[in-house]
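Written below as structure tokens is the structure these notes are about.
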There are 2 protein chains.
Amino acid sequence: MAVKPISIPKISQKCDDVSALLRILSHPQRLMIMGHLSHGAKTVSELQELCTISQSQISQFLSRLKLEGLLDSRREGRFQYYFIADKKIVRLIQAIQEIYC
Amino acid sequence: MAVKPISIPKISQKCDDVSALLRILSHPQRLMIMGHLSHGAKTVSELQELCTISQSQISQFLSRLKLEGLLDSRREGRFQYYFIADKKIVRLIQAIQEIYC
DNA sequence: ATTTAATATTATTATATTATTATATTGTAA
DNA sequence: TTACAATATAATAATATAATAATATTAAAT
């Protein structure tokens, strides 16, 4: 029977993954975007207004957040709606809000 | 009667603070340190073993975590014990662990 | 088929972060 | 008071991240 591998690699793999996630959230405006999206999908320009950031930056932030799997998007007419891709992310954002807001 | 100031500055102040906190946690080994410390105080060398990082790095990480207010320390004989400084940080780490571990 | 609003991409510069190596400090036991 | 174990600091080179400005794409209305 095979020996069960020790779990250190798993733990450190998880730290890698989770810390990468936290890194993406560790930016004031990306965090604010996620905070707003935790209440439901929004268009790019809505978010741009809510967060008062430049067009270029909101777009870059959103595309990075999507690329990294935190967000997804759908088109509706001329608007692109972004929303949180994953239930766990929502839970994390909500936990952060409960603790710090 | 004075007009109540709008809350945008407050929200964005919070995003600044919380994102700064997340930034510190957004490093695999710092996160692992915090994970271990969420179960109780440990010495520098215990943490060094648990996290398999160099002496210099563990010391730098710990001193940064302390500087930023996430950790505190006390001396006991020849050992320096580090522990999580603040109940909220413990809650955050635990929430992260519940969601992702 | 043009125009326009909405969104995305690219390139560049400026800053910040990290790992590494070497060296210094501190406390305690012999 | 020296020696050693435990911990801290400093300096630097390598790498990653961010902000900005300019330009490009896309979809739909005219």
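Residue names in the structure tokens use chain letters A, B, ... in the order shown, residue numbers from 1 in each chain, and ligand numbers from 1 in the order shown.
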Legend entry - Selection: 8 Å around range 10-20 of chain C, only C-alpha atoms (C1' of nucleotides), excl. self and same-chain fewer than 6 positions, as a ChimeraX atom specification: /D:15-18,23
For the residues in that selection, give me N, CA and C atoms (P, O5', C5', C4', C3', O3' and C1' of nucleotides) as a compact mmCIF listing (two decimals), in the first residue's frame.
# COMPACT_ATOMS: atom_id res chain seq x y z
P DT D 15 15.61 38.21 -12.09
O5' DT D 15 14.20 38.82 -11.62
C5' DT D 15 13.66 38.37 -10.38
C4' DT D 15 12.41 39.16 -10.08
C3' DT D 15 11.42 39.21 -11.23
O3' DT D 15 10.29 38.49 -10.79
C1' DT D 15 11.63 41.30 -10.13
P DA D 16 8.96 38.38 -11.69
O5' DA D 16 8.04 39.47 -10.98
C5' DA D 16 7.98 39.49 -9.57
C4' DA D 16 7.02 40.58 -9.13
C3' DA D 16 5.76 40.65 -9.97
O3' DA D 16 4.70 40.76 -9.05
C1' DA D 16 6.85 42.76 -9.95
P DT D 17 3.20 40.91 -9.57
O5' DT D 17 2.97 42.49 -9.42
C5' DT D 17 3.22 43.09 -8.17
C4' DT D 17 2.93 44.57 -8.28
C3' DT D 17 1.59 44.88 -8.95
O3' DT D 17 0.86 45.63 -8.00
C1' DT D 17 3.34 46.19 -9.86
P DA D 18 -0.57 46.21 -8.39
O5' DA D 18 -0.20 47.68 -8.89
C5' DA D 18 0.56 48.51 -8.05
C4' DA D 18 0.56 49.93 -8.59
C3' DA D 18 -0.74 50.38 -9.20
O3' DA D 18 -1.09 51.63 -8.63
C1' DA D 18 1.03 50.61 -10.78
P DT D 23 -1.76 58.71 -30.22
O5' DT D 23 -2.46 57.27 -30.37
C5' DT D 23 -1.65 56.11 -30.26
C4' DT D 23 -2.54 54.89 -30.28
C3' DT D 23 -3.53 54.85 -31.44
O3' DT D 23 -3.32 53.63 -32.14
C1' DT D 23 -4.58 54.29 -29.41
Output, as an mmCIF file with N, CA and C atoms, in the first residue's frame, the coordinates of chain B following least-squares superposition onto chain A across all in-order C-alpha pairs.
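Just written: part-v3.cif:
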data_model
loop_
_atom_site.group_PDB
_atom_site.id
_atom_site.type_symbol
_atom_site.label_atom_id
_atom_site.label_comp_id
_atom_site.auth_asym_id
_atom_site.auth_seq_id
_atom_site.Cartn_x
_atom_site.Cartn_y
_atom_site.Cartn_z
ATOM 1 N N MET B 1 0.956 -1.251 0.441
ATOM 2 C CA MET B 1 0.112 -0.030 0.458
ATOM 3 C C MET B 1 0.985 1.224 0.442
ATOM 4 N N ALA B 2 0.614 2.138 -0.360
ATOM 5 C CA ALA B 2 1.460 3.331 -0.516
ATOM 6 C C ALA B 2 1.428 4.200 0.742
ATOM 7 N N VAL B 3 2.540 4.799 1.013
ATOM 8 C CA VAL B 3 2.628 5.704 2.157
ATOM 9 C C VAL B 3 1.955 7.023 1.801
ATOM 10 N N LYS B 4 1.170 7.462 2.726
ATOM 11 C CA LYS B 4 0.485 8.737 2.500
ATOM 12 C C LYS B 4 1.503 9.880 2.487
ATOM 13 N N PRO B 5 1.503 10.694 1.447
ATOM 14 C CA PRO B 5 2.479 11.785 1.417
ATOM 15 C C PRO B 5 2.175 12.811 2.506
ATOM 16 N N ILE B 6 3.220 13.383 3.044
ATOM 17 C CA ILE B 6 2.985 14.397 4.069
ATOM 18 C C ILE B 6 2.294 15.593 3.451
ATOM 19 N N SER B 7 1.654 16.378 4.308
ATOM 20 C CA SER B 7 0.747 17.383 3.769
ATOM 21 C C SER B 7 1.367 18.765 3.591
ATOM 22 N N ILE B 8 2.632 18.906 3.943
ATOM 23 C CA ILE B 8 3.263 20.211 3.783
ATOM 24 C C ILE B 8 3.114 20.775 2.364
ATOM 25 N N PRO B 9 3.407 19.973 1.331
ATOM 26 C CA PRO B 9 3.273 20.521 -0.030
ATOM 27 C C PRO B 9 1.866 21.046 -0.300
ATOM 28 N N LYS B 10 0.860 20.313 0.195
ATOM 29 C CA LYS B 10 -0.514 20.751 -0.006
ATOM 30 C C LYS B 10 -0.764 22.092 0.661
ATOM 31 N N ILE B 11 -0.337 22.165 1.921
ATOM 32 C CA ILE B 11 -0.544 23.411 2.646
ATOM 33 C C ILE B 11 0.135 24.557 1.919
ATOM 34 N N SER B 12 1.347 24.308 1.469
ATOM 35 C CA SER B 12 2.049 25.446 0.874
ATOM 36 C C SER B 12 1.488 25.759 -0.502
ATOM 37 N N GLN B 13 0.937 24.739 -1.162
ATOM 38 C CA GLN B 13 0.231 25.016 -2.415
ATOM 39 C C GLN B 13 -0.971 25.926 -2.158
ATOM 40 N N LYS B 14 -1.691 25.607 -1.083
ATOM 41 C CA LYS B 14 -2.841 26.439 -0.747
ATOM 42 C C LYS B 14 -2.439 27.854 -0.416
ATOM 43 N N CYS B 15 -1.344 27.974 0.302
ATOM 44 C CA CYS B 15 -0.866 29.324 0.624
ATOM 45 C C CYS B 15 -0.516 30.081 -0.647
ATOM 46 N N ASP B 16 0.076 29.384 -1.591
ATOM 47 C CA ASP B 16 0.380 30.032 -2.870
ATOM 48 C C ASP B 16 -0.898 30.536 -3.535
ATOM 49 N N ASP B 17 -1.881 29.655 -3.599
ATOM 50 C CA ASP B 17 -3.122 30.018 -4.286
ATOM 51 C C ASP B 17 -3.850 31.149 -3.575
ATOM 52 N N VAL B 18 -4.014 30.972 -2.278
ATOM 53 C CA VAL B 18 -4.787 31.958 -1.532
ATOM 54 C C VAL B 18 -4.055 33.296 -1.483
ATOM 55 N N SER B 19 -2.750 33.240 -1.334
ATOM 56 C CA SER B 19 -2.032 34.516 -1.295
ATOM 57 C C SER B 19 -2.102 35.224 -2.637
ATOM 58 N N ALA B 20 -2.128 34.455 -3.705
ATOM 59 C CA ALA B 20 -2.286 35.074 -5.027
ATOM 60 C C ALA B 20 -3.638 35.773 -5.128
ATOM 61 N N LEU B 21 -4.633 35.123 -4.582
ATOM 62 C CA LEU B 21 -5.963 35.731 -4.560
ATOM 63 C C LEU B 21 -5.973 37.010 -3.715
ATOM 64 N N LEU B 22 -5.365 36.932 -2.563
ATOM 65 C CA LEU B 22 -5.331 38.107 -1.689
ATOM 66 C C LEU B 22 -4.551 39.246 -2.329
ATOM 67 N N ARG B 23 -3.518 38.898 -3.060
ATOM 68 C CA ARG B 23 -2.746 39.924 -3.745
ATOM 69 C C ARG B 23 -3.617 40.734 -4.697
ATOM 70 N N ILE B 24 -4.478 40.028 -5.394
ATOM 71 C CA ILE B 24 -5.343 40.730 -6.343
ATOM 72 C C ILE B 24 -6.314 41.649 -5.601
ATOM 73 N N LEU B 25 -6.738 41.199 -4.433
ATOM 74 C CA LEU B 25 -7.653 42.025 -3.644
ATOM 75 C C LEU B 25 -6.928 43.135 -2.884
ATOM 76 N N SER B 26 -5.625 43.077 -2.870
ATOM 77 C CA SER B 26 -4.860 43.984 -2.020
ATOM 78 C C SER B 26 -4.563 45.302 -2.720
ATOM 79 N N HIS B 27 -5.550 45.804 -3.371
ATOM 80 C CA HIS B 27 -5.412 47.090 -4.041
ATOM 81 C C HIS B 27 -6.703 47.853 -3.772
ATOM 82 N N PRO B 28 -6.596 49.090 -3.287
ATOM 83 C CA PRO B 28 -7.786 49.789 -2.822
ATOM 84 C C PRO B 28 -8.917 49.787 -3.838
ATOM 85 N N GLN B 29 -8.579 50.050 -5.063
ATOM 86 C CA GLN B 29 -9.650 50.184 -6.034
ATOM 87 C C GLN B 29 -10.176 48.847 -6.533
ATOM 88 N N ARG B 30 -9.292 47.886 -6.625
ATOM 89 C CA ARG B 30 -9.803 46.558 -6.971
ATOM 90 C C ARG B 30 -10.707 46.038 -5.862
ATOM 91 N N LEU B 31 -10.304 46.297 -4.627
ATOM 92 C CA LEU B 31 -11.137 45.860 -3.508
ATOM 93 C C LEU B 31 -12.490 46.558 -3.531
ATOM 94 N N MET B 32 -12.461 47.835 -3.865
ATOM 95 C CA MET B 32 -13.725 48.570 -3.920
ATOM 96 C C MET B 32 -14.623 48.028 -5.036
ATOM 97 N N ILE B 33 -14.024 47.737 -6.169
ATOM 98 C CA ILE B 33 -14.785 47.113 -7.255
ATOM 99 C C ILE B 33 -15.454 45.837 -6.756
ATOM 100 N N MET B 34 -14.688 45.015 -6.088
ATOM 101 C CA MET B 34 -15.236 43.741 -5.618
ATOM 102 C C MET B 34 -16.328 43.975 -4.583
ATOM 103 N N GLY B 35 -16.131 44.970 -3.753
ATOM 104 C CA GLY B 35 -17.159 45.305 -2.774
ATOM 105 C C GLY B 35 -18.472 45.671 -3.447
ATOM 106 N N HIS B 36 -18.387 46.516 -4.465
ATOM 107 C CA HIS B 36 -19.604 46.889 -5.179
ATOM 108 C C HIS B 36 -20.227 45.684 -5.870
ATOM 109 N N LEU B 37 -19.385 44.868 -6.473
ATOM 110 C CA LEU B 37 -19.931 43.721 -7.198
ATOM 111 C C LEU B 37 -20.483 42.646 -6.276
ATOM 112 N N SER B 38 -20.097 42.705 -5.022
ATOM 113 C CA SER B 38 -20.663 41.717 -4.085
ATOM 114 C C SER B 38 -22.155 41.950 -3.877
ATOM 115 N N HIS B 39 -22.639 43.110 -4.318
ATOM 116 C CA HIS B 39 -24.076 43.367 -4.246
ATOM 117 C C HIS B 39 -24.779 43.143 -5.578
ATOM 118 N N GLY B 40 -24.063 42.663 -6.569
ATOM 119 C CA GLY B 40 -24.690 42.374 -7.856
ATOM 120 C C GLY B 40 -23.910 42.934 -9.030
ATOM 121 N N ALA B 41 -24.248 42.444 -10.219
ATOM 122 C CA ALA B 41 -23.530 42.817 -11.436
ATOM 123 C C ALA B 41 -23.661 44.309 -11.736
ATOM 124 N N LYS B 42 -22.612 44.860 -12.346
ATOM 125 C CA LYS B 42 -22.609 46.271 -12.732
ATOM 126 C C LYS B 42 -21.878 46.436 -14.062
ATOM 127 N N THR B 43 -22.225 47.521 -14.760
ATOM 128 C CA THR B 43 -21.506 47.798 -15.997
ATOM 129 C C THR B 43 -20.180 48.478 -15.687
ATOM 130 N N VAL B 44 -19.322 48.484 -16.704
ATOM 131 C CA VAL B 44 -18.018 49.121 -16.570
ATOM 132 C C VAL B 44 -18.179 50.583 -16.172
ATOM 133 N N SER B 45 -19.076 51.276 -16.836
ATOM 134 C CA SER B 45 -19.176 52.713 -16.555
ATOM 135 C C SER B 45 -19.825 52.988 -15.199
ATOM 136 N N GLU B 46 -20.739 52.128 -14.782
ATOM 137 C CA GLU B 46 -21.267 52.257 -13.418
ATOM 138 C C GLU B 46 -20.137 52.140 -12.403
ATOM 139 N N LEU B 47 -19.314 51.142 -12.592
ATOM 140 C CA LEU B 47 -18.202 50.935 -11.658
ATOM 141 C C LEU B 47 -17.223 52.098 -11.712
ATOM 142 N N GLN B 48 -17.007 52.586 -12.917
ATOM 143 C CA GLN B 48 -16.090 53.715 -13.081
ATOM 144 C C GLN B 48 -16.560 54.901 -12.245
ATOM 145 N N GLU B 49 -17.878 55.145 -12.279
ATOM 146 C CA GLU B 49 -18.455 56.235 -11.475
ATOM 147 C C GLU B 49 -18.343 55.943 -9.990
ATOM 148 N N LEU B 50 -18.769 54.754 -9.625
ATOM 149 C CA LEU B 50 -18.789 54.389 -8.207
ATOM 150 C C LEU B 50 -17.400 54.478 -7.582
ATOM 151 N N CYS B 51 -16.409 54.134 -8.362
ATOM 152 C CA CYS B 51 -15.056 54.070 -7.796
ATOM 153 C C CYS B 51 -14.205 55.273 -8.174
ATOM 154 N N THR B 52 -14.768 56.157 -9.005
ATOM 155 C CA THR B 52 -14.021 57.328 -9.482
ATOM 156 C C THR B 52 -12.590 56.984 -9.893
ATOM 157 N N ILE B 53 -12.521 56.150 -10.889
ATOM 158 C CA ILE B 53 -11.221 55.891 -11.494
ATOM 159 C C ILE B 53 -11.316 56.089 -12.995
ATOM 160 N N SER B 54 -10.151 56.186 -13.609
ATOM 161 C CA SER B 54 -10.126 56.488 -15.034
ATOM 162 C C SER B 54 -10.645 55.314 -15.852
ATOM 163 N N GLN B 55 -11.070 55.638 -17.058
ATOM 164 C CA GLN B 55 -11.612 54.620 -17.948
ATOM 165 C C GLN B 55 -10.599 53.496 -18.172
ATOM 166 N N SER B 56 -9.376 53.916 -18.430
ATOM 167 C CA SER B 56 -8.349 52.924 -18.717
ATOM 168 C C SER B 56 -8.131 52.001 -17.525
ATOM 169 N N GLN B 57 -8.078 52.617 -16.356
ATOM 170 C CA GLN B 57 -7.803 51.793 -15.183
ATOM 171 C C GLN B 57 -8.944 50.835 -14.849
ATOM 172 N N ILE B 58 -10.161 51.338 -14.909
ATOM 173 C CA ILE B 58 -11.265 50.421 -14.578
ATOM 174 C C ILE B 58 -11.248 49.243 -15.532
ATOM 175 N N SER B 59 -10.976 49.527 -16.778
ATOM 176 C CA SER B 59 -10.958 48.451 -17.764
ATOM 177 C C SER B 59 -9.813 47.469 -17.480
ATOM 178 N N GLN B 60 -8.652 48.013 -17.148
ATOM 179 C CA GLN B 60 -7.521 47.137 -16.837
ATOM 180 C C GLN B 60 -7.787 46.308 -15.588
ATOM 181 N N PHE B 61 -8.327 46.954 -14.573
ATOM 182 C CA PHE B 61 -8.633 46.228 -13.344
ATOM 183 C C PHE B 61 -9.623 45.099 -13.622
ATOM 184 N N LEU B 62 -10.676 45.426 -14.345
ATOM 185 C CA LEU B 62 -11.702 44.421 -14.604
ATOM 186 C C LEU B 62 -11.144 43.272 -15.428
ATOM 187 N N SER B 63 -10.312 43.613 -16.399
ATOM 188 C CA SER B 63 -9.834 42.516 -17.231
ATOM 189 C C SER B 63 -8.857 41.639 -16.456
ATOM 190 N N ARG B 64 -8.105 42.256 -15.561
ATOM 191 C CA ARG B 64 -7.229 41.431 -14.725
ATOM 192 C C ARG B 64 -8.043 40.558 -13.767
ATOM 193 N N LEU B 65 -9.043 41.160 -13.159
ATOM 194 C CA LEU B 65 -9.887 40.402 -12.228
ATOM 195 C C LEU B 65 -10.584 39.241 -12.939
ATOM 196 N N LYS B 66 -10.931 39.473 -14.187
ATOM 197 C CA LYS B 66 -11.559 38.395 -14.960
ATOM 198 C C LYS B 66 -10.539 37.324 -15.347
ATOM 199 N N LEU B 67 -9.415 37.800 -15.810
ATOM 200 C CA LEU B 67 -8.334 36.885 -16.187
ATOM 201 C C LEU B 67 -7.965 35.956 -15.041
ATOM 202 N N GLU B 68 -7.955 36.507 -13.852
ATOM 203 C CA GLU B 68 -7.544 35.720 -12.682
ATOM 204 C C GLU B 68 -8.699 34.911 -12.106
ATOM 205 N N GLY B 69 -9.844 35.023 -12.734
ATOM 206 C CA GLY B 69 -10.943 34.155 -12.346
ATOM 207 C C GLY B 69 -11.848 34.684 -11.257
ATOM 208 N N LEU B 70 -11.631 35.934 -10.831
ATOM 209 C CA LEU B 70 -12.505 36.470 -9.783
ATOM 210 C C LEU B 70 -13.801 36.996 -10.367
ATOM 211 N N LEU B 71 -13.740 37.439 -11.598
ATOM 212 C CA LEU B 71 -14.921 38.016 -12.225
ATOM 213 C C LEU B 71 -15.247 37.291 -13.521
ATOM 214 N N ASP B 72 -16.492 37.451 -13.917
ATOM 215 C CA ASP B 72 -16.898 37.046 -15.255
ATOM 216 C C ASP B 72 -17.729 38.209 -15.812
ATOM 217 N N SER B 73 -18.055 38.139 -17.091
ATOM 218 C CA SER B 73 -18.825 39.246 -17.666
ATOM 219 C C SER B 73 -19.781 38.730 -18.716
ATOM 220 N N ARG B 74 -20.798 39.522 -18.965
ATOM 221 C CA ARG B 74 -21.719 39.214 -20.055
ATOM 222 C C ARG B 74 -22.098 40.531 -20.729
ATOM 223 N N ARG B 75 -22.355 40.443 -22.008
ATOM 224 C CA ARG B 75 -22.765 41.641 -22.735
ATOM 225 C C ARG B 75 -24.278 41.736 -22.734
ATOM 226 N N GLU B 76 -24.756 42.975 -22.554
ATOM 227 C CA GLU B 76 -26.190 43.224 -22.700
ATOM 228 C C GLU B 76 -26.312 44.505 -23.500
ATOM 229 N N GLY B 77 -26.668 44.365 -24.787
ATOM 230 C CA GLY B 77 -26.735 45.531 -25.641
ATOM 231 C C GLY B 77 -25.373 46.185 -25.728
ATOM 232 N N ARG B 78 -25.330 47.475 -25.447
ATOM 233 C CA ARG B 78 -24.049 48.158 -25.557
ATOM 234 C C ARG B 78 -23.228 48.092 -24.290
ATOM 235 N N PHE B 79 -23.725 47.417 -23.286
ATOM 236 C CA PHE B 79 -23.019 47.392 -22.006
ATOM 237 C C PHE B 79 -22.425 46.029 -21.686
ATOM 238 N N GLN B 80 -21.321 46.111 -21.002
ATOM 239 C CA GLN B 80 -20.653 44.918 -20.526
ATOM 240 C C GLN B 80 -20.889 44.842 -19.021
ATOM 241 N N TYR B 81 -21.557 43.802 -18.590
ATOM 242 C CA TYR B 81 -21.807 43.622 -17.165
ATOM 243 C C TYR B 81 -20.755 42.701 -16.565
ATOM 244 N N TYR B 82 -20.182 43.150 -15.468
ATOM 245 C CA TYR B 82 -19.233 42.304 -14.736
ATOM 246 C C TYR B 82 -19.880 41.821 -13.446
ATOM 247 N N PHE B 83 -19.501 40.631 -13.052
ATOM 248 C CA PHE B 83 -20.027 40.058 -11.800
ATOM 249 C C PHE B 83 -19.022 39.063 -11.224
ATOM 250 N N ILE B 84 -19.187 38.795 -9.951
ATOM 251 C CA ILE B 84 -18.261 37.888 -9.269
ATOM 252 C C ILE B 84 -18.490 36.464 -9.747
ATOM 253 N N ALA B 85 -17.383 35.790 -10.073
ATOM 254 C CA ALA B 85 -17.462 34.531 -10.805
ATOM 255 C C ALA B 85 -17.755 33.338 -9.908
ATOM 256 N N ASP B 86 -17.543 33.500 -8.626
ATOM 257 C CA ASP B 86 -17.399 32.302 -7.807
ATOM 258 C C ASP B 86 -17.934 32.579 -6.401
ATOM 259 N N LYS B 87 -18.732 31.643 -5.942
ATOM 260 C CA LYS B 87 -19.372 31.765 -4.629
ATOM 261 C C LYS B 87 -18.361 31.985 -3.493
ATOM 262 N N LYS B 88 -17.229 31.332 -3.608
ATOM 263 C CA LYS B 88 -16.235 31.462 -2.536
ATOM 264 C C LYS B 88 -15.708 32.878 -2.429
ATOM 265 N N ILE B 89 -15.512 33.495 -3.590
ATOM 266 C CA ILE B 89 -15.043 34.879 -3.585
ATOM 267 C C ILE B 89 -16.070 35.773 -2.907
ATOM 268 N N VAL B 90 -17.338 35.526 -3.208
ATOM 269 C CA VAL B 90 -18.386 36.313 -2.555
ATOM 270 C C VAL B 90 -18.295 36.142 -1.046
ATOM 271 N N ARG B 91 -18.140 34.906 -0.621
ATOM 272 C CA ARG B 91 -18.038 34.656 0.828
ATOM 273 C C ARG B 91 -16.858 35.403 1.426
ATOM 274 N N LEU B 92 -15.736 35.377 0.707
ATOM 275 C CA LEU B 92 -14.555 36.058 1.233
ATOM 276 C C LEU B 92 -14.785 37.565 1.351
ATOM 277 N N ILE B 93 -15.309 38.140 0.301
ATOM 278 C CA ILE B 93 -15.570 39.583 0.332
ATOM 279 C C ILE B 93 -16.539 39.925 1.458
ATOM 280 N N GLN B 94 -17.561 39.105 1.597
ATOM 281 C CA GLN B 94 -18.530 39.369 2.657
ATOM 282 C C GLN B 94 -17.898 39.241 4.033
ATOM 283 N N ALA B 95 -17.053 38.256 4.193
ATOM 284 C CA ALA B 95 -16.373 38.099 5.484
ATOM 285 C C ALA B 95 -15.529 39.331 5.788
ATOM 286 N N ILE B 96 -14.821 39.795 4.792
ATOM 287 C CA ILE B 96 -14.002 41.001 4.973
ATOM 288 C C ILE B 96 -14.880 42.179 5.368
ATOM 289 N N GLN B 97 -16.016 42.306 4.691
ATOM 290 C CA GLN B 97 -16.918 43.411 5.004
ATOM 291 C C GLN B 97 -17.485 43.286 6.409
ATOM 292 N N GLU B 98 -17.828 42.072 6.797
ATOM 293 C CA GLU B 98 -18.371 41.893 8.143
ATOM 294 C C GLU B 98 -17.347 42.275 9.204
ATOM 295 N N ILE B 99 -16.112 41.901 8.962
ATOM 296 C CA ILE B 99 -15.092 42.163 9.981
ATOM 297 C C ILE B 99 -14.690 43.632 10.007
ATOM 298 N N TYR B 100 -14.588 44.253 8.836
ATOM 299 C CA TYR B 100 -13.993 45.586 8.790
ATOM 300 C C TYR B 100 -14.933 46.729 8.410
ATOM 301 N N CYS B 101 -16.208 46.435 8.185
ATOM 302 C CA CYS B 101 -17.083 47.552 7.795
ATOM 303 C C CYS B 101 -18.285 47.696 8.726
#
Once you count only C-alpha atoms (C1' of nucleotides), which residues of chain C turn out to be within 12 Å of chain A? Could you give them as a PDB file with N, CA and C atoms (P, O5', C5', C4', C3', O3' and C1' of nucleotides), in the first residue's frame?
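Contents of result_14.pdb, freshly written:
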ATOM      1  P    DT C   4     -20.240  61.820 -34.353  1.00  0.00           P
ATOM      2  O5'  DT C   4     -20.573  60.925 -33.071  1.00  0.00           O
ATOM      3  C5'  DT C   4     -21.898  60.425 -32.914  1.00  0.00           C
ATOM      4  C4'  DT C   4     -21.920  59.397 -31.811  1.00  0.00           C
ATOM      5  C3'  DT C   4     -20.941  59.694 -30.653  1.00  0.00           C
ATOM      6  O3'  DT C   4     -21.627  59.467 -29.441  1.00  0.00           O
ATOM      7  C1'  DT C   4     -20.634  57.500 -31.428  1.00  0.00           C
ATOM      8  P    DA C   5     -21.141  60.124 -28.081  1.00  0.00           P
ATOM      9  O5'  DA C   5     -21.522  58.979 -27.043  1.00  0.00           O
ATOM     10  C5'  DA C   5     -22.752  58.281 -27.185  1.00  0.00           C
ATOM     11  C4'  DA C   5     -22.579  56.880 -26.647  1.00  0.00           C
ATOM     12  C3'  DA C   5     -21.894  56.821 -25.286  1.00  0.00           C
ATOM     13  O3'  DA C   5     -22.557  55.828 -24.532  1.00  0.00           O
ATOM     14  C1'  DA C   5     -20.653  55.550 -26.850  1.00  0.00           C
ATOM     15  P    DA C   6     -22.172  55.512 -23.050  1.00  0.00           P
ATOM     16  O5'  DA C   6     -21.301  54.196 -23.243  1.00  0.00           O
ATOM     17  C5'  DA C   6     -21.928  53.017 -23.710  1.00  0.00           C
ATOM     18  C4'  DA C   6     -20.896  51.916 -23.759  1.00  0.00           C
ATOM     19  C3'  DA C   6     -20.065  51.782 -22.472  1.00  0.00           C
ATOM     20  O3'  DA C   6     -20.200  50.441 -22.017  1.00  0.00           O
ATOM     21  C1'  DA C   6     -18.678  51.827 -24.392  1.00  0.00           C
ATOM     22  P    DT C   7     -19.467  49.968 -20.716  1.00  0.00           P
ATOM     23  O5'  DT C   7     -18.103  49.448 -21.348  1.00  0.00           O
ATOM     24  C5'  DT C   7     -18.169  48.383 -22.284  1.00  0.00           C
ATOM     25  C4'  DT C   7     -16.805  48.126 -22.865  1.00  0.00           C
ATOM     26  C3'  DT C   7     -15.732  47.749 -21.847  1.00  0.00           C
ATOM     27  O3'  DT C   7     -15.411  46.394 -22.102  1.00  0.00           O
ATOM     28  C1'  DT C   7     -14.896  49.196 -23.538  1.00  0.00           C
ATOM     29  P    DA C   8     -14.271  45.643 -21.291  1.00  0.00           P
ATOM     30  O5'  DA C   8     -13.027  45.790 -22.285  1.00  0.00           O
ATOM     31  C5'  DA C   8     -13.173  45.411 -23.635  1.00  0.00           C
ATOM     32  C4'  DA C   8     -11.830  45.518 -24.349  1.00  0.00           C
ATOM     33  C3'  DA C   8     -10.646  44.961 -23.570  1.00  0.00           C
ATOM     34  O3'  DA C   8      -9.979  44.076 -24.455  1.00  0.00           O
ATOM     35  C1'  DA C   8     -10.182  47.168 -24.313  1.00  0.00           C
ATOM     36  P    DT C   9      -8.673  43.301 -23.982  1.00  0.00           P
ATOM     37  O5'  DT C   9      -7.510  44.223 -24.559  1.00  0.00           O
ATOM     38  C5'  DT C   9      -7.452  44.448 -25.953  1.00  0.00           C
ATOM     39  C4'  DT C   9      -6.270  45.348 -26.261  1.00  0.00           C
ATOM     40  C3'  DT C   9      -4.933  44.876 -25.676  1.00  0.00           C
ATOM     41  O3'  DT C   9      -4.065  44.721 -26.775  1.00  0.00           O
ATOM     42  C1'  DT C   9      -5.261  47.189 -25.310  1.00  0.00           C
ATOM     43  P    DT C  10      -2.683  43.970 -26.616  1.00  0.00           P
ATOM     44  O5'  DT C  10      -1.639  45.184 -26.721  1.00  0.00           O
ATOM     45  C5'  DT C  10      -1.940  46.276 -27.578  1.00  0.00           C
ATOM     46  C4'  DT C  10      -0.932  47.382 -27.326  1.00  0.00           C
ATOM     47  C3'  DT C  10       0.401  46.931 -26.743  1.00  0.00           C
ATOM     48  O3'  DT C  10       1.415  47.413 -27.606  1.00  0.00           O
ATOM     49  C1'  DT C  10      -0.491  48.744 -25.493  1.00  0.00           C
TER      50       DT C  10
END
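When C1' of DT26 in chain C is paired with C1' of DA11 in chain D, their separation reads 21.8 Å.
Separating C1' of DA5 in chain D from C1' of DG27 in chain C is a distance of 9.3 Å.
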Legend entry - 10 Å contacts from chain D to chain A using only C-alpha atoms (C1' of nucleotides), as a ChimeraX atom specification: /D:18-21,26-28
Inset, instruction - List every residue of chain B that DSSP, applied to the backbone, labels as strand (DSSP E or B), and write the result as a PyMOL selection string. - result: chain B and resi 42-43+71-76+79-84
Written selection (C-alpha atoms) as a tab-separated table (two decimals), in the first residue's frame:
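Final file, result_24.tsv:
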chain	number	residue	atom	x	y	z
B	42	LYS	CA	5.26	30.51	18.47
B	43	THR	CA	8.95	31.29	18.62
B	71	LEU	CA	1.67	40.73	15.28
B	72	ASP	CA	3.08	41.44	18.68
B	73	SER	CA	5.85	39.64	20.55
B	74	ARG	CA	7.11	38.89	24.00
B	75	ARG	CA	10.41	37.55	25.22
B	76	GLU	CA	10.58	34.41	27.30
B	79	PHE	CA	13.12	32.98	22.89
B	80	GLN	CA	11.01	35.58	21.24
B	81	TYR	CA	7.38	34.57	21.00
B	82	TYR	CA	5.24	36.09	18.29
B	83	PHE	CA	1.46	36.14	18.33
B	84	ILE	CA	-1.43	37.77	16.52
Inset, instruction - Give me every helix (DSSP H, G or I) residue in chain B, going by DSSP on the backbone, as JSON, numbers by chain. - result: {"B": [8, 9, 10, 11, 12, 13, 14, 15, 16, 17, 18, 19, 20, 21, 22, 23, 24, 25, 28, 29, 30, 31, 32, 33, 34, 35, 36, 37, 44, 45, 46, 47, 48, 49, 50, 51, 55, 56, 57, 58, 59, 60, 61, 62, 63, 64, 65, 66, 67, 87, 88, 89, 90, 91, 92, 93, 94, 95, 96, 97, 98, 99, 100]}
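Interatomic distance, C1' of DT28 in chain C to C1' of DA10 in chain D: 26.1 Å.
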